Protein chains: 2
Amino acid sequence: MNIELKLLERFRVVEDFPKKGISFKDISPVFIDPEMVREMIEAMSEPWKGKGITRVLGIESRGFLVGPSLALALDAGFLMVRKKGKLPPDTIERSYSLEYGEAIIEMAKNDINSSDRVLIHDDLLATGGTAGAAAHLVKSIGATLVGFSFISSLSFLPGKEALSQFDCPIHSIVEF
Amino acid sequence: MNIELKLLERFRVVEDFPKKGISFKDISPVFIDPEMVREMIEAMSEPWKGKGITRVLGIESRGFLVGPSLALALDAGFLMVRKKGKLPPDTIERSYSLEYGEAIIEMAKNDINSSDRVLIHDDLLATGGTAGAAAHLVKSIGATLVGFSFISSLSFLPGKEALSQFDCPIHSIVEF
């Protein structure tokens with residue numbers, strides 16, 4: 001069985017979480033199986049090998065679960081993208097729209113520069129709002145955005161369209 | 001140079017963050033160096049090898065950075081411990097005291113049981129409040145708590161005393 005099917009079988013679907021009408025794909029059960037985690041990281045890193053990636057950006061909080069391992073597999077550095085106020089100075093920030101209102105993400109300013117080649121990672125691609133804001137942060141410092149890597153993506157939401165403006169590959173193992 | 005000194009040299013000390021009077025030890029710069037991350041994970045997993053650990057619990061959010069890799073190094077499963085409301089049902093929860101008021105942490109109920117041997121991980125041991133609450137969660141399901149693993153600990157705070165009630169080893173690489 002390939003890793004996509006294994007993951008699909010392992011995801012725990014929870015209806016009406018975090019709110020009514022949403023069918024939540026819980027990734028937690030994957031992480032209790034170390035062999036599956038290894039295989040997942042291998043499958044996620046594979047498309048990016050040889051692309052000269054120097055930084056993997058992981059989006060808080062679930063993007064921290066695989067981001068550092070993905071960075072190690074690519075022999076790259078890992079950088080946290082967090083909600084405003086969580087990282088110490090100096091940071092750069094970017095705001096983006098939510099369903100209601102807006103949010104701000106931040107990234108350390110001194111651990112990345114214009115010579116970096118960057119992969120943005122999160123566990124799930126939904127509307128692409130946060131990943132897009134992270135991509136704007138990368139662009140704002142003049143670094144090269146190489147692509148986006150997700151464990152899974154929701155194909156009934158316009159995440160891929162939202163990220164298409166950055167004109168780089170989007171990879172995910174599982175599509176819902 | 002050993003890994004403790006390497007980490008000490010790499011931590012970024014930020015004064016008055018997150019509030020006045022606190023000298024924040026920022027671990028971010030460690031993660032941009034994959035070789036150092038590998039060495040750190042090796043040093044963190046070393047004391048726990050052969051102890052039959054089946055679950056590593058990582059505390060949100062910075063406990064997610066190393067927790068999954070530590071679990072892989074020990075060939076164990078990884079489980080998230082999160083603030084209340086972030087994990088889908090079914091969960092078990094535990095409240096603990098903060099400087100002002102209290103907080104509640106949660107853990108998935110179905111990914112751990114009484115036969116598990118558990119290592120609790122976070123990036124930093126400060127007062128031990130969250131790690132202690134996680135330890136109570138482990139005890140409440142009848143699993144065996146094998147120990148606590150931190151990247152660093154603050155020796156001027158009573159974290160070790162707070163965790164001594166659980167009567168198991170506490171390991172950290174760096175002591176401030």
# chains A, B, ... in the order shown; residues from 1 in each chain; ligands from 1
call {"tool": "interface_residues", "arguments": {"of": "chain A", "to": "chain B", "cutoff": "10 Å", "atoms": "only C-alpha atoms", "output": "PyMOL selection string"}}
result
chain A and resi 12-18+24-26+28-35+37-38+54-56+58+60-69+71-80+82+85-90+108+110-112
call {"tool": "select_by_dssp", "arguments": {"residues": "chain B", "states": "alpha helix (DSSP H)", "output": "ChimeraX atom specification"}}
result
/B:3-10,34-45,63-73,129-140,159-164
call {"tool": "atom_distance", "arguments": {"atom1": "CA of Ala131 in chain B", "atom2": "CA of Ile53 in chain B"}}
result
17.2 Å
call {"tool": "closest_atom_pairs", "arguments": {"of": "range 4-99 of chain B", "to": "range 161-176 of chain B", "cutoff": "10 Å", "atoms": "only C-alpha atoms", "output": "CSV"}}
result
residue,atom,partner,partner_atom,distance
B:Glu4,CA,B:Val174,CA,5.6
B:Leu5,CA,B:Val174,CA,8.1
B:Lys6,CA,B:Val174,CA,9.8
B:Leu7,CA,B:Val174,CA,7.4
B:Leu8,CA,B:Val174,CA,7.0
B:Lys25,CA,B:Phe176,CA,9.0
B:Met40,CA,B:Ile173,CA,8.3
B:Ala43,CA,B:Ile173,CA,7.6
B:Met44,CA,B:Ile173,CA,7.2
B:Ser45,CA,B:His171,CA,9.9
B:Pro47,CA,B:His171,CA,8.0
B:Trp48,CA,B:His171,CA,9.4
call {"tool": "atom_distance", "arguments": {"atom1": "CA of Ser115 in chain B", "atom2": "CA of Leu145 in chain B"}}
result
10.7 Å
call {"tool": "select_by_dssp", "arguments": {"residues": "chain B", "states": "strand (DSSP E or B)", "output": "short mmCIF file (atom, residue, chain, number, x, y, z; two decimals) with N, CA and C atoms, in the first residue's frame"}}
result
data_model
loop_
_atom_site.label_atom_id
_atom_site.label_comp_id
_atom_site.auth_asym_id
_atom_site.auth_seq_id
_atom_site.Cartn_x
_atom_site.Cartn_y
_atom_site.Cartn_z
N ARG B 12 19.71 32.55 21.37
CA ARG B 12 19.72 34.01 21.27
C ARG B 12 19.04 34.54 22.53
N VAL B 13 19.76 35.28 23.35
CA VAL B 13 19.17 35.81 24.58
C VAL B 13 18.51 37.15 24.29
N VAL B 14 17.21 37.23 24.58
CA VAL B 14 16.45 38.45 24.31
C VAL B 14 15.92 38.98 25.64
N GLU B 15 16.39 40.15 26.02
CA GLU B 15 15.98 40.72 27.31
C GLU B 15 14.56 41.29 27.22
N SER B 23 14.54 37.29 30.79
CA SER B 23 15.62 37.13 29.82
C SER B 23 15.31 35.88 29.01
N PHE B 24 14.73 36.07 27.83
CA PHE B 24 14.21 34.97 27.01
C PHE B 24 15.34 34.26 26.27
N LYS B 25 15.37 32.95 26.38
CA LYS B 25 16.37 32.15 25.66
C LYS B 25 15.72 31.63 24.39
N ASP B 26 16.03 32.29 23.29
CA ASP B 26 15.39 31.95 22.01
C ASP B 26 16.14 30.81 21.33
N ARG B 55 5.65 6.02 23.91
CA ARG B 55 5.02 7.30 23.56
C ARG B 55 5.87 8.46 24.05
N VAL B 56 6.08 9.44 23.14
CA VAL B 56 6.66 10.71 23.54
C VAL B 56 5.54 11.74 23.47
N LEU B 57 5.31 12.44 24.58
CA LEU B 57 4.29 13.50 24.61
C LEU B 57 4.99 14.84 24.41
N GLY B 58 4.57 15.61 23.42
CA GLY B 58 5.17 16.93 23.17
C GLY B 58 4.18 18.01 23.52
N ILE B 59 4.65 19.01 24.26
CA ILE B 59 3.77 20.07 24.74
C ILE B 59 3.76 21.25 23.77
N GLY B 77 5.84 6.27 19.39
CA GLY B 77 4.81 7.13 18.85
C GLY B 77 4.89 8.51 19.47
N PHE B 78 4.37 9.51 18.76
CA PHE B 78 4.35 10.88 19.29
C PHE B 78 2.90 11.32 19.50
N LEU B 79 2.68 12.03 20.61
CA LEU B 79 1.33 12.50 20.94
C LEU B 79 1.40 13.98 21.32
N MET B 80 0.45 14.75 20.81
CA MET B 80 0.39 16.17 21.15
C MET B 80 -0.32 16.41 22.48
N VAL B 81 0.24 17.33 23.27
CA VAL B 81 -0.47 17.86 24.44
C VAL B 81 -0.76 19.31 24.09
N ARG B 82 -2.05 19.68 24.03
CA ARG B 82 -2.41 21.03 23.57
C ARG B 82 -3.28 21.76 24.55
N LYS B 83 -3.34 23.08 24.36
CA LYS B 83 -4.25 23.89 25.17
C LYS B 83 -5.68 23.46 24.84
N THR B 91 -10.93 13.59 24.18
CA THR B 91 -9.70 13.95 24.88
C THR B 91 -9.86 13.75 26.39
N ILE B 92 -8.74 13.74 27.07
CA ILE B 92 -8.75 13.86 28.53
C ILE B 92 -8.04 15.17 28.86
N GLU B 93 -8.42 15.82 29.95
CA GLU B 93 -7.85 17.13 30.24
C GLU B 93 -7.40 17.25 31.69
N ARG B 94 -6.59 18.26 31.94
CA ARG B 94 -6.09 18.52 33.28
C ARG B 94 -5.82 20.02 33.41
N SER B 95 -6.28 20.60 34.51
CA SER B 95 -6.02 22.03 34.72
C SER B 95 -4.80 22.19 35.63
N TYR B 96 -4.16 23.32 35.50
CA TYR B 96 -3.00 23.62 36.37
C TYR B 96 -2.93 25.12 36.58
N SER B 97 -2.21 25.51 37.64
CA SER B 97 -2.15 26.92 38.03
C SER B 97 -1.11 27.69 37.22
N GLU B 102 -5.69 30.00 35.84
CA GLU B 102 -5.28 28.64 35.52
C GLU B 102 -5.43 28.34 34.04
N ALA B 103 -4.85 27.23 33.62
CA ALA B 103 -4.92 26.80 32.23
C ALA B 103 -5.30 25.33 32.18
N ILE B 104 -5.78 24.89 31.03
CA ILE B 104 -6.16 23.48 30.88
C ILE B 104 -5.44 22.91 29.65
N ILE B 105 -4.85 21.73 29.82
CA ILE B 105 -4.26 21.03 28.68
C ILE B 105 -5.07 19.78 28.37
N GLU B 106 -4.96 19.36 27.11
CA GLU B 106 -5.70 18.18 26.65
C GLU B 106 -4.77 17.23 25.88
N MET B 107 -5.20 15.99 25.81
CA MET B 107 -4.48 14.96 25.06
C MET B 107 -5.51 14.01 24.48
N ALA B 108 -5.25 13.47 23.28
CA ALA B 108 -6.18 12.50 22.69
C ALA B 108 -6.27 11.27 23.59
N ARG B 117 4.59 3.25 27.90
CA ARG B 117 5.69 3.81 28.70
C ARG B 117 6.05 5.16 28.08
N VAL B 118 5.91 6.21 28.89
CA VAL B 118 5.81 7.57 28.35
C VAL B 118 6.97 8.48 28.75
N LEU B 119 7.45 9.23 27.76
CA LEU B 119 8.43 10.30 27.99
C LEU B 119 7.74 11.63 27.68
N ILE B 120 7.79 12.56 28.61
CA ILE B 120 7.18 13.88 28.40
C ILE B 120 8.26 14.87 27.96
N HIS B 121 7.98 15.57 26.86
CA HIS B 121 8.97 16.50 26.30
C HIS B 121 8.43 17.91 26.12
N ASP B 122 9.27 18.88 26.46
CA ASP B 122 9.01 20.28 26.09
C ASP B 122 10.36 20.91 25.80
N ASP B 123 10.35 22.10 25.20
CA ASP B 123 11.65 22.71 24.89
C ASP B 123 12.34 23.19 26.16
N LEU B 124 11.53 23.71 27.11
CA LEU B 124 12.10 24.39 28.28
C LEU B 124 11.39 23.98 29.57
N LEU B 125 12.17 23.67 30.60
CA LEU B 125 11.61 23.47 31.93
C LEU B 125 11.75 24.78 32.71
N THR B 144 2.78 4.19 32.33
CA THR B 144 4.00 4.38 33.11
C THR B 144 4.74 5.63 32.64
N LEU B 145 4.99 6.54 33.56
CA LEU B 145 5.78 7.72 33.23
C LEU B 145 7.25 7.38 33.43
N VAL B 146 8.01 7.40 32.33
CA VAL B 146 9.43 7.01 32.41
C VAL B 146 10.32 8.21 32.74
N GLY B 147 9.96 9.39 32.22
CA GLY B 147 10.79 10.55 32.52
C GLY B 147 10.36 11.80 31.78
N PHE B 148 11.15 12.85 32.00
CA PHE B 148 10.92 14.15 31.36
C PHE B 148 12.17 14.53 30.56
N SER B 149 11.97 15.06 29.37
CA SER B 149 13.08 15.48 28.53
C SER B 149 12.87 16.91 28.05
N PHE B 150 13.84 17.76 28.36
CA PHE B 150 13.79 19.16 27.91
C PHE B 150 15.08 19.49 27.16
N ILE B 151 15.01 20.47 26.30
CA ILE B 151 16.25 20.95 25.68
C ILE B 151 17.03 21.73 26.73
N SER B 152 16.34 22.64 27.42
CA SER B 152 17.02 23.43 28.45
C SER B 152 16.13 23.59 29.66
N SER B 153 16.75 23.97 30.79
CA SER B 153 15.98 24.21 32.00
C SER B 153 16.53 25.43 32.72
N ILE B 170 14.75 13.47 35.13
CA ILE B 170 14.51 14.70 34.36
C ILE B 170 15.80 15.01 33.63
N HIS B 171 15.73 15.05 32.30
CA HIS B 171 16.94 15.31 31.53
C HIS B 171 16.82 16.60 30.73
N SER B 172 17.86 17.41 30.77
CA SER B 172 17.94 18.55 29.85
C SER B 172 19.40 18.73 29.47
N ILE B 173 19.63 19.26 28.28
CA ILE B 173 21.01 19.40 27.81
C ILE B 173 21.66 20.65 28.40
N VAL B 174 20.90 21.74 28.35
CA VAL B 174 21.43 23.03 28.78
C VAL B 174 20.75 23.48 30.07
N GLU B 175 21.54 23.92 31.06
CA GLU B 175 20.95 24.52 32.27
C GLU B 175 21.33 25.99 32.33
#
call {"tool": "atom_distance", "arguments": {"atom1": "CA of Glu39 in chain A", "atom2": "CA of Ile3 in chain A"}}
result
6.8 Å
